[in-house]
Amino acid sequence: MTGIINLYKEAGMTSHSCVAAVRKILGTRKVGHAGTLDPEATGVLPVLVGSATRCSDYFLKAGKEYEATARFGFVSDTQDVWGKVEPYPDAADISRITAETVAEALKAFEGDILQVPPMYSALKKDGVPLYKLARKGIDACPEARKVAVYRAEFLGLTDDDGFPSAKIRIKCGRGTYIRTIINDLGADLGCGAVMSSLKRVAYGGLRLEDAVTLAGLKEAASSNGLQNVLLPVDTVFEGRPRAELSEKEFSAYMQGKTLALKASRFNLQNSEGEIKKGCLFEDGSTREEDVPLTRNGRIFATCTLVPADEDEGSKTGAGFTGFVKTVHERFFGVED
């Protein structure tokens, strides 16, 4: 049994407990997940079954999309309402928080930004998770990291028991903390803010509207309907650049030879479904990255695509040549 389950994680469950539940339903031990969600968060949790567990690293590199709520006028040691919440120390005037001011302030969080990870996180300092240090009262002072926020969208402002709350949508890359964006947004507005809800609505090619609950998965398993919820391994690479190899290229590649492929060989669909040629990644770059290769339309392996230097690019007249090297994994034809 191999495939990917687009699981809807309910509030109150850890990602680990979701995996344990799936193992019990499917009757198999070879199950894992990609991209942890906090216990109170909901939404898309990719669960990998069988040989698909080898894809976890590729899922972690996929873009994610969240909807979250920011409640203004407060601060928290965990940057959300599930920690120690206190009124903003300066008793700021929250009456000036309007839809316009929040929407404008949110624009500053788009693009490549520096973000200081929260102390209550699973990141490690000298091998120890930060949240364990935080519980002991030790401030590890995590360093700021560059993260990619592709879109920061304001969805609306409501009243939450006398305090303004903003609904936002964030599309981002790996390692981005939504509660930290909300914390920093509150700091920029001078009134503080804590995250009061978080829902992951998309992860790579997986969408919330297509997710299955644990109850739905159990029903599918009992009625021989797992084929309807167990997605093919190709799903992990949906929306990523890929190249179809000719018979000659395929033969050379399988012999371990290095291939030089022009950028025009790789296509990437944007959010409107339009094909962008010669532009490999969502941020428009052509950096070194792992990408899938196909033969007769079927993904058979992943590889490393290395951008050529300027001189090499100018020689080809393409501006960019990707040198494909190293078979990382052959996903198909693998027996469980």
# chains A, B, ... in the order shown; residues from 1 in each chain; ligands from 1
call {"tool": "select_by_dssp", "arguments": {"residues": "region 133-238 of chain A", "states": "helix (DSSP H, G or I)", "output": "NGL selection string"}}
result
:A and (133-135 or 178-188 or 208-210 or 214-222 or 226-228 or 233-237)
call {"tool": "closest_atom_pairs", "arguments": {"of": "region 21-73 of chain A", "to": "region 212-230 of chain A", "cutoff": "10 Å", "atoms": "only C-alpha atoms", "output": "tab-separated table"}}
result
residue	atom	partner	partner_atom	distance
A:Ala21	CA	A:Leu214	CA	7.6
A:Val22	CA	A:Leu214	CA	7.4
A:Lys24	CA	A:Lys218	CA	9.4
A:Ile25	CA	A:Lys218	CA	5.9
A:Leu26	CA	A:Ala221	CA	6.9
A:Gly27	CA	A:Ala221	CA	9.8
A:Gly43	CA	A:Thr213	CA	9.8
A:Val44	CA	A:Val212	CA	9.1
A:Leu45	CA	A:Val212	CA	9.9
A:Val47	CA	A:Leu230	CA	9.6
A:Leu48	CA	A:Leu230	CA	9.3
A:Val49	CA	A:Leu230	CA	8.5
call {"tool": "write_last_selection", "arguments": {"atoms": "N, CA and C atoms", "output": "PDB file, in the first residue's frame"}}
result
ATOM      1  N   ALA A  21      -3.528   7.181  14.371  1.00  0.00           N
ATOM      2  CA  ALA A  21      -4.891   6.799  14.011  1.00  0.00           C
ATOM      3  C   ALA A  21      -4.941   6.202  12.607  1.00  0.00           C
ATOM      4  N   VAL A  22      -4.192   6.777  11.677  1.00  0.00           N
ATOM      5  CA  VAL A  22      -4.157   6.258  10.303  1.00  0.00           C
ATOM      6  C   VAL A  22      -3.535   4.867  10.279  1.00  0.00           C
ATOM      7  N   LYS A  24      -3.647   2.634  12.544  1.00  0.00           N
ATOM      8  CA  LYS A  24      -4.635   1.694  13.062  1.00  0.00           C
ATOM      9  C   LYS A  24      -5.715   1.404  12.023  1.00  0.00           C
ATOM     10  N   ILE A  25      -6.173   2.457  11.325  1.00  0.00           N
ATOM     11  CA  ILE A  25      -7.228   2.275  10.323  1.00  0.00           C
ATOM     12  C   ILE A  25      -6.748   1.438   9.150  1.00  0.00           C
ATOM     13  N   LEU A  26      -5.516   1.704   8.681  1.00  0.00           N
ATOM     14  CA  LEU A  26      -4.999   1.013   7.506  1.00  0.00           C
ATOM     15  C   LEU A  26      -4.352  -0.332   7.835  1.00  0.00           C
ATOM     16  N   GLY A  27      -4.019  -0.533   9.111  1.00  0.00           N
ATOM     17  CA  GLY A  27      -3.379  -1.778   9.498  1.00  0.00           C
ATOM     18  C   GLY A  27      -1.964  -1.902   8.996  1.00  0.00           C
ATOM     19  N   GLY A  43      -6.848  21.675   9.443  1.00  0.00           N
ATOM     20  CA  GLY A  43      -6.595  21.776   8.012  1.00  0.00           C
ATOM     21  C   GLY A  43      -5.784  20.648   7.435  1.00  0.00           C
ATOM     22  N   VAL A  44      -5.153  20.919   6.307  1.00  0.00           N
ATOM     23  CA  VAL A  44      -4.473  19.913   5.489  1.00  0.00           C
ATOM     24  C   VAL A  44      -3.228  19.368   6.194  1.00  0.00           C
ATOM     25  N   LEU A  45      -3.210  18.058   6.380  1.00  0.00           N
ATOM     26  CA  LEU A  45      -2.033  17.361   6.902  1.00  0.00           C
ATOM     27  C   LEU A  45      -1.705  16.219   5.944  1.00  0.00           C
ATOM     28  N   VAL A  47      -0.443  12.888   4.877  1.00  0.00           N
ATOM     29  CA  VAL A  47      -0.055  11.640   5.527  1.00  0.00           C
ATOM     30  C   VAL A  47       0.482  10.709   4.444  1.00  0.00           C
ATOM     31  N   LEU A  48       1.694  10.226   4.639  1.00  0.00           N
ATOM     32  CA  LEU A  48       2.404   9.444   3.635  1.00  0.00           C
ATOM     33  C   LEU A  48       2.393   7.973   4.030  1.00  0.00           C
ATOM     34  N   VAL A  49       2.020   7.123   3.072  1.00  0.00           N
ATOM     35  CA  VAL A  49       1.848   5.705   3.336  1.00  0.00           C
ATOM     36  C   VAL A  49       2.782   4.889   2.440  1.00  0.00           C
TER      37      VAL A  49
END
call {"tool": "atom_distance", "arguments": {"atom1": "CA of Met13 (chain A)", "atom2": "CA of Pro39 (chain A)"}}
result
5.0 Å
call {"tool": "residues_around", "arguments": {"residues": "Arg207 (chain A)", "least_positions_apart": "5", "cutoff": "12 Å", "atoms": "only C-alpha atoms", "output": "VMD selection string"}}
result
chain A and resid 5 to 8 43 to 46 63 to 66 199 to 202 212 235 238
call {"tool": "select_by_dssp", "arguments": {"residues": "region 58-277 of chain A", "states": "strand (DSSP E or B)", "output": "number ranges by chain"}}
result
A: 64-72, 74-76, 80, 85-87, 111-115, 124-125, 128-129, 145-160, 163-172, 193-203, 206-207, 212, 230-231, 242-244, 259-262, 267-269, 275-277
call {"tool": "closest_residue", "arguments": {"among": "A:Pro118, A:Gly205, A:Gly175, A:Gly186", "to": "Val102 (chain A)", "atoms": "only C-alpha atoms"}}
result
A:Gly186
call {"tool": "closest_residue", "arguments": {"among": "A:Arg71, A:Tyr177, A:Val19, A:Tyr58", "to": "Pro292 (chain A)", "atoms": "only C-alpha atoms"}}
result
A:Tyr58
call {"tool": "closest_residue", "arguments": {"among": "A:Gly73, A:Val81, A:Val233, A:Lys257", "to": "Gly162 (chain A)", "atoms": "only C-alpha atoms"}}
result
A:Gly73
call {"tool": "closest_residue", "arguments": {"among": "A:Thr28, A:Gln255, A:Gln79, A:Thr101", "to": "Asp184 (chain A)", "atoms": "only C-alpha atoms"}}
result
A:Gln79
call {"tool": "residues_around", "arguments": {"residues": "Ala166 (chain A)", "least_positions_apart": "6", "cutoff": "10 Å", "atoms": "only C-alpha atoms", "output": "VMD selection string"}}
result
chain A and resid 68 to 72 97 to 99 102 to 103 154 to 160 182 193 195 to 196
call {"tool": "write_last_selection", "arguments": {"atoms": "C-alpha atoms", "output": "PDB file, in the first residue's frame"}}
result
ATOM      1  CA  ALA A  68      -5.562  32.781  10.436  1.00  0.00           C
ATOM      2  CA  THR A  69      -7.154  35.234  12.853  1.00  0.00           C
ATOM      3  CA  ALA A  70      -5.205  37.985  14.624  1.00  0.00           C
ATOM      4  CA  ARG A  71      -6.740  39.404  17.809  1.00  0.00           C
ATOM      5  CA  PHE A  72      -5.370  42.856  18.601  1.00  0.00           C
ATOM      6  CA  ILE A  97      -7.161  49.706  14.216  1.00  0.00           C
ATOM      7  CA  THR A  98      -9.177  49.746  11.007  1.00  0.00           C
ATOM      8  CA  ALA A  99      -9.394  47.559   7.944  1.00  0.00           C
ATOM      9  CA  VAL A 102      -4.260  46.444   8.997  1.00  0.00           C
ATOM     10  CA  ALA A 103      -4.283  45.874   5.229  1.00  0.00           C
ATOM     11  CA  PHE A 154      -6.229  40.894   4.453  1.00  0.00           C
ATOM     12  CA  LEU A 155      -9.676  39.257   4.443  1.00  0.00           C
ATOM     13  CA  GLY A 156     -11.685  41.345   6.883  1.00  0.00           C
ATOM     14  CA  LEU A 157     -12.019  42.902  10.339  1.00  0.00           C
ATOM     15  CA  THR A 158     -14.524  41.922  13.022  1.00  0.00           C
ATOM     16  CA  ASP A 159     -15.225  42.740  16.658  1.00  0.00           C
ATOM     17  CA  ASP A 160     -14.188  40.081  19.177  1.00  0.00           C
ATOM     18  CA  ILE A 182       0.714  38.128  13.621  1.00  0.00           C
ATOM     19  CA  ALA A 193      -1.696  40.851  18.505  1.00  0.00           C
ATOM     20  CA  MET A 195      -3.183  34.366  16.833  1.00  0.00           C
ATOM     21  CA  SER A 196      -6.611  33.026  17.801  1.00  0.00           C
TER      22      SER A 196
END
call {"tool": "decode", "arguments": {"residues": "region 10-54 of chain A", "atoms": "C-alpha atoms", "output": "short mmCIF file (atom, residue, chain, number, x, y, z; two decimals), in the first residue's frame"}}
result
data_model
loop_
_atom_site.label_atom_id
_atom_site.label_comp_id
_atom_site.auth_asym_id
_atom_site.auth_seq_id
_atom_site.Cartn_x
_atom_site.Cartn_y
_atom_site.Cartn_z
CA GLU A 10 -9.10 18.40 13.59
CA ALA A 11 -8.43 20.74 16.52
CA GLY A 12 -7.15 19.09 19.68
CA MET A 13 -5.12 16.39 17.92
CA THR A 14 -1.36 16.37 17.44
CA SER A 15 0.05 15.47 14.05
CA HIS A 16 1.61 12.39 15.65
CA SER A 17 -1.74 11.19 17.01
CA CYS A 18 -3.23 11.59 13.52
CA VAL A 19 -0.52 9.31 12.13
CA ALA A 20 -1.18 6.77 14.89
CA ALA A 21 -4.89 6.80 14.01
CA VAL A 22 -4.16 6.26 10.30
CA ARG A 23 -1.84 3.34 11.12
CA LYS A 24 -4.64 1.69 13.06
CA ILE A 25 -7.23 2.28 10.32
CA LEU A 26 -5.00 1.01 7.51
CA GLY A 27 -3.38 -1.78 9.50
CA THR A 28 0.15 -0.79 8.46
CA ARG A 29 3.13 0.66 10.33
CA LYS A 30 4.74 2.43 7.38
CA VAL A 31 2.95 5.78 7.82
CA GLY A 32 4.33 9.26 8.41
CA HIS A 33 3.36 12.91 7.95
CA ALA A 34 4.90 15.99 6.37
CA GLY A 35 4.58 19.43 7.90
CA THR A 36 3.52 19.43 11.55
CA LEU A 37 0.43 21.35 12.61
CA ASP A 38 0.06 22.57 16.20
CA PRO A 39 -2.61 20.72 18.24
CA GLU A 40 -5.18 23.55 18.05
CA ALA A 41 -4.62 24.18 14.33
CA THR A 42 -6.80 22.53 11.70
CA GLY A 43 -6.59 21.78 8.01
CA VAL A 44 -4.47 19.91 5.49
CA LEU A 45 -2.03 17.36 6.90
CA PRO A 46 -0.25 15.23 4.28
CA VAL A 47 -0.05 11.64 5.53
CA LEU A 48 2.40 9.44 3.64
CA VAL A 49 1.85 5.70 3.34
CA GLY A 50 4.29 2.98 2.23
CA SER A 51 7.03 4.07 -0.20
CA ALA A 52 5.51 7.57 -0.24
CA THR A 53 7.22 8.19 3.11
CA ARG A 54 10.36 8.79 1.03
#
